[in-house]
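Below is my_file04.cif, holding mmCIF, C-alpha atoms and all ligand atoms.
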```
data_final
#
loop_
_atom_site.label_atom_id
_atom_site.label_comp_id
_atom_site.auth_asym_id
_atom_site.auth_seq_id
_atom_site.Cartn_x
_atom_site.Cartn_y
_atom_site.Cartn_z
CA MET C 66 1.02 8.33 -28.76
CA ILE C 67 2.32 7.71 -32.27
CA LEU C 68 -0.16 5.42 -34.01
CA GLY C 69 2.03 4.26 -36.91
CA GLU C 70 -0.52 5.36 -39.49
CA GLY C 71 -0.08 8.54 -41.51
CA ASP C 72 0.24 11.65 -39.41
CA LEU C 73 -1.88 10.29 -36.59
CA VAL C 74 -0.69 11.31 -33.14
CA ILE C 75 -2.70 11.64 -29.94
CA GLU C 76 -1.19 14.13 -27.50
CA ASP C 77 -2.78 12.86 -24.29
CA ALA C 78 -3.83 9.32 -25.06
CA GLY C 79 -5.43 6.44 -23.26
CA MET C 80 -5.51 2.78 -24.27
CA VAL C 81 -7.42 -0.22 -22.99
CA VAL C 82 -5.84 -3.63 -23.56
CA ARG C 83 -7.62 -6.94 -23.13
CA ASP C 84 -6.16 -10.37 -23.91
CA GLY C 85 -3.17 -8.81 -25.66
CA LEU C 86 -5.24 -6.73 -28.05
CA ILE C 87 -6.09 -3.04 -28.05
CA GLU C 88 -9.75 -2.71 -27.14
CA GLU C 89 -10.07 1.06 -26.96
CA LEU C 90 -7.75 3.90 -27.88
CA GLY C 91 -8.24 7.63 -28.04
CA PRO C 92 -7.87 10.91 -26.16
CA ARG C 93 -7.52 10.01 -22.48
CA GLU C 94 -10.74 11.72 -21.39
CA THR C 95 -12.74 9.51 -23.77
CA ILE C 96 -11.49 6.28 -22.17
CA THR C 97 -13.73 4.99 -19.40
CA PRO C 98 -11.74 3.82 -16.40
CA ALA C 99 -13.04 0.64 -14.79
CA PRO C 100 -12.14 -0.48 -11.27
CA THR C 101 -11.52 -4.05 -12.44
CA ARG C 102 -8.74 -2.96 -14.75
CA GLN C 103 -5.08 -2.65 -13.94
CA THR C 104 -4.04 0.92 -14.74
CA VAL C 105 -0.55 1.98 -15.81
CA SER C 106 0.38 5.64 -16.05
CA LEU C 107 2.79 6.55 -18.82
CA ALA C 108 2.44 10.29 -18.24
CA GLY C 109 5.12 12.32 -19.97
CA ARG C 110 6.26 9.40 -22.14
CA THR C 111 5.96 8.79 -25.87
CA VAL C 112 4.46 5.52 -27.10
CA MET C 113 5.09 4.15 -30.59
CA PRO C 114 4.31 0.78 -32.22
CA ALA C 115 6.96 -1.93 -31.95
CA ILE C 116 9.31 -1.99 -34.95
CA VAL C 117 9.00 -4.62 -37.69
CA ASN C 118 12.21 -5.12 -39.69
CA PRO C 119 11.67 -7.10 -42.91
CA HIS C 120 15.36 -7.19 -43.95
CA GLY C 121 18.41 -8.31 -42.03
CA HIS C 122 20.71 -11.30 -41.64
CA ILE C 123 20.43 -13.18 -38.41
CA GLY C 124 22.97 -15.34 -36.57
CA TYR C 125 26.29 -14.01 -37.92
CA TRP C 126 27.06 -11.14 -35.55
CA LYS C 127 29.34 -11.50 -32.56
CA GLY C 128 31.49 -8.90 -30.81
CA ALA C 129 32.10 -6.16 -33.37
CA GLY C 130 31.07 -7.78 -36.62
CA ALA C 131 29.66 -10.60 -38.74
CA ASN C 132 31.45 -13.77 -39.66
CA SER C 133 30.40 -17.13 -41.09
CA ALA C 134 32.01 -18.96 -38.13
CA ASN C 135 29.66 -17.23 -35.68
CA PHE C 136 26.51 -18.67 -37.22
CA SER C 137 24.58 -21.02 -34.94
CA GLU C 138 21.15 -21.64 -33.50
CA ARG C 139 22.43 -20.23 -30.22
CA ASN C 140 23.50 -17.01 -31.93
CA ILE C 141 20.16 -16.69 -33.71
CA LEU C 142 18.41 -16.86 -30.34
CA ASP C 143 20.86 -14.28 -28.95
CA HIS C 144 19.90 -11.90 -31.77
CA LEU C 145 16.18 -12.46 -31.23
CA ARG C 146 16.73 -11.39 -27.61
CA ARG C 147 18.68 -8.27 -28.64
CA LEU C 148 16.03 -7.33 -31.17
CA VAL C 149 13.11 -7.52 -28.81
CA TYR C 150 15.11 -5.71 -26.12
CA TYR C 151 15.31 -2.69 -28.44
CA GLY C 152 11.64 -2.89 -29.40
CA VAL C 153 11.89 -4.88 -32.65
CA SER C 154 9.04 -7.38 -32.44
CA VAL C 155 9.40 -9.05 -35.86
CA PHE C 156 12.54 -9.69 -37.90
CA GLN C 157 12.90 -11.24 -41.36
CA SER C 158 16.26 -12.75 -42.28
CA LEU C 159 16.81 -12.44 -45.99
CA GLY C 160 18.53 -15.28 -47.75
CA THR C 161 21.55 -16.24 -45.64
CA ASP C 162 20.29 -19.29 -43.76
CA ARG C 163 22.71 -22.22 -43.36
CA ASP C 164 21.56 -25.82 -43.25
CA ASP C 165 17.97 -24.63 -42.58
CA THR C 166 18.93 -23.49 -39.06
CA GLU C 167 16.80 -20.34 -39.30
CA ILE C 168 13.90 -22.38 -40.62
CA ARG C 169 14.19 -24.80 -37.65
CA VAL C 170 14.25 -21.95 -35.11
CA ARG C 171 11.30 -20.27 -36.82
CA ASP C 172 9.32 -23.51 -36.80
CA MET C 173 10.08 -24.16 -33.11
CA GLN C 174 8.88 -20.65 -32.40
CA ARG C 175 5.70 -21.11 -34.44
CA ARG C 176 4.96 -24.35 -32.61
CA GLY C 177 5.27 -22.50 -29.29
CA GLU C 178 8.39 -24.40 -28.22
CA LEU C 179 10.30 -21.19 -27.44
CA ASP C 180 7.53 -19.58 -25.41
CA ASN C 181 9.50 -19.90 -22.16
CA GLU C 182 11.26 -16.65 -23.02
CA VAL C 183 10.56 -13.40 -24.84
CA LEU C 184 12.04 -13.19 -28.34
CA ALA C 185 11.45 -11.25 -31.52
CA THR C 186 9.39 -13.26 -34.00
CA LEU C 187 11.57 -14.72 -36.76
CA TYR C 188 10.71 -14.80 -40.45
CA THR C 189 13.15 -16.21 -42.96
CA ALA C 190 13.75 -16.50 -46.69
CA GLY C 191 15.97 -19.54 -46.10
CA SER C 192 18.91 -19.82 -48.46
CA GLY C 193 18.86 -17.28 -51.30
CA ILE C 194 20.05 -17.61 -54.89
CA VAL C 195 23.03 -16.19 -56.75
CA ALA C 196 24.96 -16.84 -59.96
CA PRO C 197 28.14 -18.92 -59.68
CA THR C 198 31.26 -16.90 -60.53
CA PRO C 199 33.76 -19.23 -62.25
CA GLY C 200 37.13 -19.28 -60.49
CA SER C 201 35.94 -17.14 -57.58
CA SER C 202 33.42 -16.92 -54.77
CA ASN C 203 29.92 -15.81 -55.79
CA GLY C 204 28.44 -12.33 -55.43
CA GLY C 205 26.47 -13.11 -52.28
CA PRO C 206 27.24 -11.45 -48.93
CA PHE C 207 30.83 -12.10 -47.76
CA PHE C 208 29.77 -14.05 -44.66
CA ALA C 209 27.40 -16.36 -46.53
CA VAL C 210 28.85 -17.08 -49.99
CA ASP C 211 28.98 -20.77 -49.06
CA ALA C 212 25.44 -20.78 -47.61
CA ILE C 213 23.48 -19.54 -50.62
CA HIS C 214 22.51 -21.50 -53.67
CA GLU C 215 24.43 -21.04 -56.93
CA ALA C 216 21.89 -21.49 -59.71
CA THR C 217 23.32 -23.03 -62.87
CA SER C 218 20.17 -23.20 -65.02
CA PRO C 219 16.51 -22.19 -64.92
CA GLU C 220 15.52 -25.74 -63.99
CA ASP C 221 18.11 -25.89 -61.21
CA ALA C 222 16.81 -22.55 -59.87
CA ARG C 223 13.21 -23.79 -59.96
CA ARG C 224 14.22 -26.92 -58.03
CA HIS C 225 15.78 -24.77 -55.31
CA VAL C 226 12.70 -22.55 -55.08
CA ARG C 227 10.42 -25.61 -54.88
CA ALA C 228 12.57 -26.93 -52.03
CA LEU C 229 12.30 -23.56 -50.27
CA ALA C 230 8.54 -23.52 -50.75
CA ALA C 231 8.32 -27.02 -49.28
CA LYS C 232 9.98 -25.62 -46.14
CA ASP C 233 7.41 -22.84 -46.14
CA VAL C 234 9.91 -19.95 -46.36
CA ASP C 235 8.46 -16.48 -45.93
CA ALA C 236 10.08 -14.97 -49.04
CA VAL C 237 12.74 -15.69 -51.68
CA LYS C 238 15.94 -13.67 -52.00
CA LEU C 239 18.14 -13.37 -55.06
CA TRP C 240 21.33 -11.45 -55.78
CA LEU C 241 21.15 -10.08 -59.30
CA ASP C 242 23.98 -7.57 -59.69
CA ASP C 243 27.66 -8.03 -60.56
CA ARG C 244 29.21 -6.30 -57.51
CA HIS C 245 30.99 -3.60 -59.51
CA GLY C 246 31.90 -5.96 -62.32
CA THR C 247 33.73 -8.37 -60.00
CA LYS C 248 31.14 -11.17 -60.01
CA ALA C 249 28.89 -12.96 -62.49
CA ARG C 250 25.40 -11.50 -62.95
CA LEU C 251 22.39 -13.69 -62.51
CA ARG C 252 21.27 -14.69 -66.03
CA PRO C 253 17.93 -13.10 -67.04
CA ASP C 254 16.34 -16.48 -67.86
CA ILE C 255 17.38 -17.84 -64.43
CA CYS C 256 16.11 -14.72 -62.70
CA ARG C 257 12.73 -15.05 -64.39
CA ALA C 258 12.55 -18.76 -63.53
CA ILE C 259 13.20 -18.05 -59.83
CA ILE C 260 10.51 -15.39 -59.70
CA ASP C 261 7.98 -17.38 -61.72
CA GLU C 262 8.43 -20.45 -59.52
CA ALA C 263 8.24 -18.36 -56.32
CA HIS C 264 5.02 -16.73 -57.48
CA THR C 265 3.56 -20.16 -58.25
CA HIS C 266 4.00 -20.90 -54.55
CA GLY C 267 2.67 -17.51 -53.42
CA LEU C 268 6.10 -16.23 -52.34
CA LYS C 269 7.39 -12.68 -52.79
CA VAL C 270 10.87 -12.22 -54.26
CA ALA C 271 13.37 -9.66 -53.00
CA ALA C 272 16.18 -8.74 -55.36
CA HIS C 273 19.55 -7.38 -54.34
CA ILE C 274 20.37 -4.67 -56.90
CA TYR C 275 22.93 -1.90 -57.24
CA THR C 276 22.15 0.27 -60.27
CA VAL C 277 19.03 1.76 -61.82
CA ASP C 278 19.42 -0.74 -64.69
CA ASP C 279 19.54 -3.65 -62.20
CA ALA C 280 16.38 -2.32 -60.61
CA LYS C 281 14.53 -2.14 -63.93
CA GLU C 282 15.70 -5.63 -64.88
CA ALA C 283 14.50 -7.04 -61.55
CA ILE C 284 11.10 -5.40 -61.87
CA ARG C 285 10.64 -6.53 -65.49
CA ALA C 286 11.52 -10.06 -64.40
CA GLY C 287 8.69 -9.81 -61.85
CA ALA C 288 10.48 -9.13 -58.53
CA ASP C 289 8.26 -7.78 -55.75
CA ILE C 290 10.88 -6.09 -53.58
CA LEU C 291 14.14 -4.23 -54.18
CA ALA C 292 16.36 -4.98 -51.19
CA HIS C 293 18.22 -1.68 -51.61
CA LEU C 294 17.78 1.69 -53.27
CA PRO C 295 19.50 1.89 -56.65
CA ARG C 296 22.75 3.68 -55.86
CA THR C 297 23.71 4.90 -59.29
CA PRO C 298 22.82 6.94 -61.33
CA GLU C 299 19.83 9.13 -60.36
CA PRO C 300 16.50 7.32 -60.78
CA ASP C 301 14.77 8.29 -64.03
CA ALA C 302 11.07 8.67 -64.86
CA GLU C 303 10.96 5.19 -66.37
CA LEU C 304 12.11 3.56 -63.13
CA ILE C 305 9.61 5.49 -61.04
CA GLU C 306 6.84 4.55 -63.46
CA LEU C 307 7.83 0.88 -63.15
CA LEU C 308 7.95 1.05 -59.34
CA ILE C 309 4.51 2.61 -59.13
CA THR C 310 2.83 0.50 -61.81
CA HIS C 311 4.07 -2.77 -60.31
CA ASP C 312 3.64 -1.58 -56.71
CA ILE C 313 7.21 -2.57 -55.88
CA ALA C 314 8.34 -2.34 -52.26
CA VAL C 315 11.71 -0.61 -52.05
CA PHE C 316 13.77 -1.26 -48.93
CA THR C 317 15.54 1.74 -47.45
CA SER C 318 18.78 0.04 -46.26
CA MET C 319 20.40 3.44 -45.66
CA SER C 320 22.25 3.25 -42.34
CA ILE C 321 24.47 0.36 -43.45
CA GLN C 322 26.08 2.74 -45.92
CA ARG C 323 25.81 6.02 -44.06
CA PRO C 324 29.17 7.79 -43.61
CA ASP C 325 28.32 9.11 -40.16
CA GLY C 326 31.54 8.41 -38.30
CA ASP C 327 31.66 6.69 -34.93
CA ALA C 328 30.00 9.13 -32.49
CA TRP C 329 26.90 6.91 -32.43
CA LEU C 330 28.97 4.25 -30.70
CA ASP C 331 28.89 6.44 -27.57
CA ASP C 332 25.12 6.07 -27.19
CA PRO C 333 24.50 4.63 -23.70
CA ALA C 334 21.67 2.51 -25.16
CA LEU C 335 24.26 0.57 -27.19
CA ALA C 336 26.41 -0.10 -24.12
CA GLU C 337 23.41 -1.72 -22.41
CA LEU C 338 23.96 -4.86 -24.50
CA VAL C 339 27.34 -4.45 -26.18
CA PRO C 340 30.59 -4.86 -24.19
CA VAL C 341 33.04 -1.96 -24.25
CA GLU C 342 35.71 -4.08 -26.01
CA ALA C 343 33.37 -4.64 -28.96
CA ILE C 344 32.58 -0.93 -29.17
CA THR C 345 36.29 -0.05 -29.07
CA ASP C 346 37.01 -2.65 -31.73
CA LEU C 347 34.33 -1.36 -34.10
CA ARG C 348 35.41 2.23 -33.50
CA ALA C 349 38.95 1.35 -34.58
CA ARG C 350 37.64 -0.32 -37.74
CA ILE C 351 35.39 2.62 -38.59
CA ARG C 352 38.31 5.04 -38.16
CA ALA C 353 40.58 2.89 -40.31
CA ASN C 354 37.72 2.23 -42.79
CA ALA C 355 39.34 -1.14 -43.35
CA PRO C 356 39.79 -3.87 -44.45
CA GLN C 357 37.01 -2.78 -46.80
CA PRO C 358 35.25 0.57 -46.82
CA LEU C 359 32.51 0.32 -44.21
CA PHE C 360 30.50 3.17 -45.66
CA ASP C 361 29.71 4.85 -48.94
CA THR C 362 31.41 8.08 -49.95
CA THR C 363 29.60 11.23 -48.88
CA GLU C 364 28.78 11.97 -52.51
CA SER C 365 27.17 8.63 -53.31
CA TYR C 366 25.35 8.61 -49.98
CA GLN C 367 23.87 12.03 -50.71
CA ARG C 368 22.63 10.68 -54.01
CA MET C 369 20.91 7.87 -52.12
CA GLU C 370 19.29 10.37 -49.78
CA SER C 371 18.00 12.32 -52.74
CA THR C 372 16.71 9.08 -54.35
CA LEU C 373 14.91 8.23 -51.12
CA ARG C 374 13.15 11.63 -51.06
CA THR C 375 12.27 11.30 -54.75
CA PHE C 376 10.67 7.89 -54.13
CA PHE C 377 8.66 9.06 -51.13
CA ASP C 378 7.49 12.18 -53.01
CA ALA C 379 6.49 10.08 -56.04
CA GLY C 380 4.41 7.76 -53.86
CA VAL C 381 6.66 4.71 -54.23
CA ARG C 382 6.04 2.04 -51.57
CA VAL C 383 9.22 2.65 -49.57
CA VAL C 384 9.60 0.20 -46.69
CA PHE C 385 12.00 0.37 -43.75
CA SER C 386 14.96 -2.04 -43.82
CA ALA C 387 17.95 -1.92 -41.49
CA ASP C 388 19.96 -4.66 -43.26
CA THR C 389 20.84 -5.72 -39.72
CA GLY C 390 23.58 -8.11 -38.68
CA LEU C 391 26.66 -7.22 -40.73
CA LEU C 392 29.32 -4.48 -40.98
CA THR C 393 28.19 -1.86 -38.43
CA GLN C 394 24.65 -3.13 -37.95
CA PHE C 395 24.31 -4.40 -34.36
CA PRO C 396 21.13 -6.50 -34.04
CA GLY C 397 18.44 -4.33 -32.45
CA PHE C 398 20.47 -1.14 -32.57
CA ALA C 399 20.77 -0.96 -36.36
CA GLU C 400 16.99 -0.53 -36.55
CA HIS C 401 17.26 2.70 -34.57
CA ARG C 402 20.20 3.89 -36.67
CA GLU C 403 18.05 3.32 -39.73
CA LEU C 404 15.23 5.47 -38.37
CA GLU C 405 17.81 8.18 -37.68
CA ALA C 406 19.20 7.86 -41.22
CA LEU C 407 15.72 8.27 -42.71
CA ALA C 408 15.06 11.39 -40.67
CA ALA C 409 18.50 12.78 -41.55
CA ALA C 410 17.66 12.25 -45.23
CA GLY C 411 14.68 14.56 -44.83
CA VAL C 412 11.89 11.99 -44.45
CA PRO C 413 9.25 13.39 -42.06
CA PRO C 414 9.59 11.58 -38.70
CA LEU C 415 6.06 10.13 -38.70
CA THR C 416 6.55 8.83 -42.25
CA ALA C 417 9.85 7.22 -41.24
CA ILE C 418 8.20 5.53 -38.26
CA GLN C 419 5.24 4.38 -40.35
CA SER C 420 7.65 2.77 -42.82
CA ALA C 421 9.09 0.73 -39.89
CA THR C 422 5.76 -0.24 -38.37
CA GLN C 423 2.58 -0.22 -40.49
CA ARG C 424 4.28 -0.55 -43.88
CA SER C 425 6.78 -3.22 -42.88
CA ALA C 426 4.15 -5.25 -41.03
CA ALA C 427 1.83 -5.04 -44.05
CA LEU C 428 4.62 -6.26 -46.34
CA LEU C 429 4.95 -9.39 -44.19
CA GLY C 430 1.19 -9.86 -44.28
CA LEU C 431 0.90 -9.04 -40.56
CA THR C 432 -2.40 -7.22 -40.46
CA ASP C 433 -2.65 -7.53 -36.66
CA ARG C 434 0.25 -5.19 -35.81
CA GLY C 435 2.34 -2.22 -36.86
CA VAL C 436 -0.47 0.19 -36.00
CA LEU C 437 -1.92 1.16 -32.63
CA LYS C 438 -5.68 1.00 -32.95
CA PRO C 439 -8.55 -1.11 -31.65
CA GLY C 440 -8.34 -4.75 -32.72
CA LYS C 441 -4.55 -4.73 -33.18
CA ARG C 442 -1.96 -6.34 -30.92
CA ALA C 443 -0.79 -4.13 -28.07
CA ASP C 444 2.90 -4.27 -29.13
CA PHE C 445 4.53 -0.96 -28.38
CA ILE C 446 7.62 0.86 -27.15
CA VAL C 447 7.54 3.39 -24.31
CA LEU C 448 10.11 6.17 -24.71
CA ASP C 449 11.16 8.80 -22.19
CA ALA C 450 11.78 11.32 -24.99
CA ASN C 451 9.93 12.27 -28.15
CA PRO C 452 11.38 10.97 -31.46
CA LEU C 453 9.37 13.56 -33.39
CA VAL C 454 11.69 16.15 -31.86
CA ARG C 455 14.86 14.15 -32.45
CA MET C 456 14.77 10.70 -34.05
CA PRO C 457 17.57 9.14 -31.94
CA HIS C 458 15.10 9.45 -29.04
CA THR C 459 13.68 6.10 -30.24
CA ARG C 460 16.67 4.60 -28.38
CA ARG C 461 15.58 6.07 -25.06
CA ILE C 462 13.49 3.02 -24.31
CA GLU C 463 11.86 2.81 -20.92
CA SER C 464 9.90 -0.35 -21.62
CA VAL C 465 8.71 -2.61 -24.41
CA TYR C 466 5.22 -4.12 -24.33
CA LEU C 467 4.23 -7.20 -26.29
CA GLN C 468 0.56 -8.16 -26.32
CA GLY C 469 -0.06 -5.67 -23.57
CA ARG C 470 2.60 -6.93 -21.15
CA PRO C 471 5.94 -5.30 -20.39
CA ILE C 472 8.85 -7.60 -21.26
CA ASP C 473 11.58 -8.17 -18.68
CA ARG C 474 14.37 -6.12 -20.26
CA ARG C 475 16.67 -6.55 -17.29
CA ALA C 476 16.56 -10.34 -17.63
CA ILE C 477 17.34 -10.07 -21.35
CA ARG C 478 20.22 -7.70 -20.64
CA ASP C 479 21.70 -10.05 -18.04
CA ARG C 480 21.39 -13.03 -20.37
CA VAL C 481 22.88 -11.28 -23.42
CA ARG C 482 25.80 -9.84 -21.46
CA LYS C 483 26.53 -13.18 -19.84
CA ASP C 484 26.53 -14.91 -23.25
CA ALA C 485 28.76 -12.20 -24.76
CA HIS C 486 31.50 -13.15 -22.32
CA ALA C 487 30.92 -16.90 -22.54
ZN ZN C 501 20.79 -7.62 -46.80
#
```

Could you write out this structure as structure tokens?
Amino acid sequence: MILGEGDLVIEDAGMVVRDGLIEELGPRETITPAPTRQTVSLAGRTVMPAIVNPHGHIGYWKGAGANSANFSERNILDHLRRLVYYGVSVFQSLGTDRDDTEIRVRDMQRRGELDNEVLATLYTAGSGIVAPTPGSSNGGPFFAVDAIHEATSPEDARRHVRALAAKDVDAVKLWLDDRHGTKARLRPDICRAIIDEAHTHGLKVAAHIYTVDDAKEAIRAGADILAHLPRTPEPDAELIELLITHDIAVFTSMSIQRPDGDAWLDDPALAELVPVEAITDLRARIRANAPQPLFDTTESYQRMESTLRTFFDAGVRVVFSADTGLLTQFPGFAEHRELEALAAAGVPPLTAIQSATQRSAALLGLTDRGVLKPGKRADFIVLDANPLVRMPHTRRIESVYLQGRPIDRRAIRDRVRKDAHA
């Protein structure tokens, strides 16, 4: 049993669950069996906490990629099914909501109106903020340039943040960088206004950045989260000092850029939810690396891996992020690719898992999950292979438990596959 906290592992563990919460947990011989309890044997399996992903983009994926035309409430629900199927219990969509659709789904879920089926729990930053680029589309994500807010002045930006706060968003997202000099940067005074207003309402701000200079600018303006690692150049001592001093959460977002070819498309776990035509389609696009490069170059990716190790070693608060729902990031499967990318970068497996469970849950203020210990929710994944031996074993899911009950994965699979062909 992997507990999601530090290096804690119990080789031969027992757990008692009552009313959805863990009541007792420890070496199996220390757990008192009681005849009134229902007992489930998971002998030979590995148990880990359910995954919490605080950064993705929900509702845009269909078939082999993301597109603005795919976005709908129906597609959001489809993704929440896919996520929970693969053991992702909580998902935060970061800044690409359209017409408050994500907010409506989240609110229905919070009111219990979606309790007739099992879904991942949705968090959302609503519609994020970017600078307008005169004569061109803005520097937001390609599938959502028309869904995010173009801030024209500090006061305009504050108005948007106040409107977001009134809808009780879970975070605020801004795009700061200039996309390789092709787009307008967010003005420093507007950036500071967004962050100041968000903090007034108790909201954390996640900044999309590209370079070390972007990262420093975002931190100095008061941002709480970097949505990506700085990709160029190497991080310097000043940046690390800033990250530590301000306790900045840095999202990993590695797998979305990882030049790892297309062999992962052959994983049978992917084919459980994704039709063969979609896999073939994405394989062709990966091989052609078109219309835009799907991945970073090997050289720049290796620099990111080295940055990731540097941050972990320095004690920076690195938090898992799969940037799910665009390019190659299948909802629910991207999360497992991200864990693999972290391990491949040299992050110790238990540290990688902790970043996707305890650390990500804590970032969202979810103190009741992310860790397996008494008092926490019994949300966990049962694997038939050990991810500490080989990280892709996190995909060998035998069952997913939420609040102590196994979810009906077969029903989810049938529903998702039916909808994929609808
Ligand atoms: Zn993103």

Expected answer as an MDAnalysis selection string: residues within 7 Å of ligand ZN 501 (chain C), all atoms listed in the file: chainID C and resid 120:122 159 292 388

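Take the candidates C:Leu187, C:Val210, C:Met66, C:Ile96 and check each one against C:Phe445 using only C-alpha atoms; the shortest distance goes to C:Met66.
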
Length of the atom CA of C:Arg434 to atom CA of C:Val155 vector [Å]: 9.9 Å

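Proximity to stretch 267-279 of chain C at 6 Å, evaluated using only C-alpha atoms and with sequence-adjacent residues fewer than 4 positions away removed, yields C:Ala236, C:Val237, C:Lys238, C:Leu239, C:Trp240, C:Leu241, C:Asp242, C:Ala263, C:Ala288, C:Asp289, C:Ile290, C:Leu291, C:Ala292, C:Pro295, C:Arg296, C:Thr297.
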
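Between atom CA of C:Leu392 and atom CA of C:Ala131 the separation is 6.5 Å.
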
Looking at all atoms listed in the file, which of C:Asp180, C:Leu148, C:Asp162, C:Gln174 is the one that sits closest to C:Gly193?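 Using all atoms listed in the file, the shortest distance to C:Gly193 belongs to C:Asp162.
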
Straight-line distance linking atom CA of C:Ala280 with atom CA of C:Pro253, stated in Å to one decimal: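 Separation between atom CA of C:Ala280 and atom CA of C:Pro253: 12.6 Å.
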
Looking at all atoms listed in the file, which of C:Ser425, C:Ser133, C:Asn181, C:Asn451 is the one that sits closest to C:Pro119?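 Closest candidate: C:Ser425.
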
Nearest to C:Ala450 among C:Asp332, C:Asp143, C:Glu463, C:Asp484, with distances taken over all atoms listed in the file: which residue is it?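 Under the stated criterion, the closest residue is C:Glu463.
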
I'd like to know which of C:Gly390, C:Pro199, C:Gly469, C:Gly69 is closest to C:Arg250, using all atoms listed in the file.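 Checking each candidate against C:Arg250, we get C:Pro199 as the closest.
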
Within 10 Å of C:Trp126, counting all atoms listed in the file, which residues qualify if same-chain residues fewer than 3 places away don't, as a ChimeraX atom specification? /C:122-123,129-136,140-141,143-144,208,389-396

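The closest residue to C:His214, picked from C:Ala302, C:Ile194, C:Leu229, C:Met113 and counting all atoms listed in the file, is C:Ile194.
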
Around the point (16.6, -8.1, -26.7) (coordinates from the file), which residues reach within 9 Å if we count all atoms listed in the file? Answer as a VMD selection string. chain C and resid 143 to 153 183 to 185 338 396 to 397 474 477 to 478 481

Provide an axis-aligned box for all listed atoms of stretch 444-455 of chain C, padding each side by 5 Å; report its centre and its edge lengths in Å to one decimal, as AutoDock Vina command-line options.
```
--center_x 8.9 --center_y 5.9 --center_z -27.8 --size_x 22.0 --size_y 30.4 --size_z 21.2
```
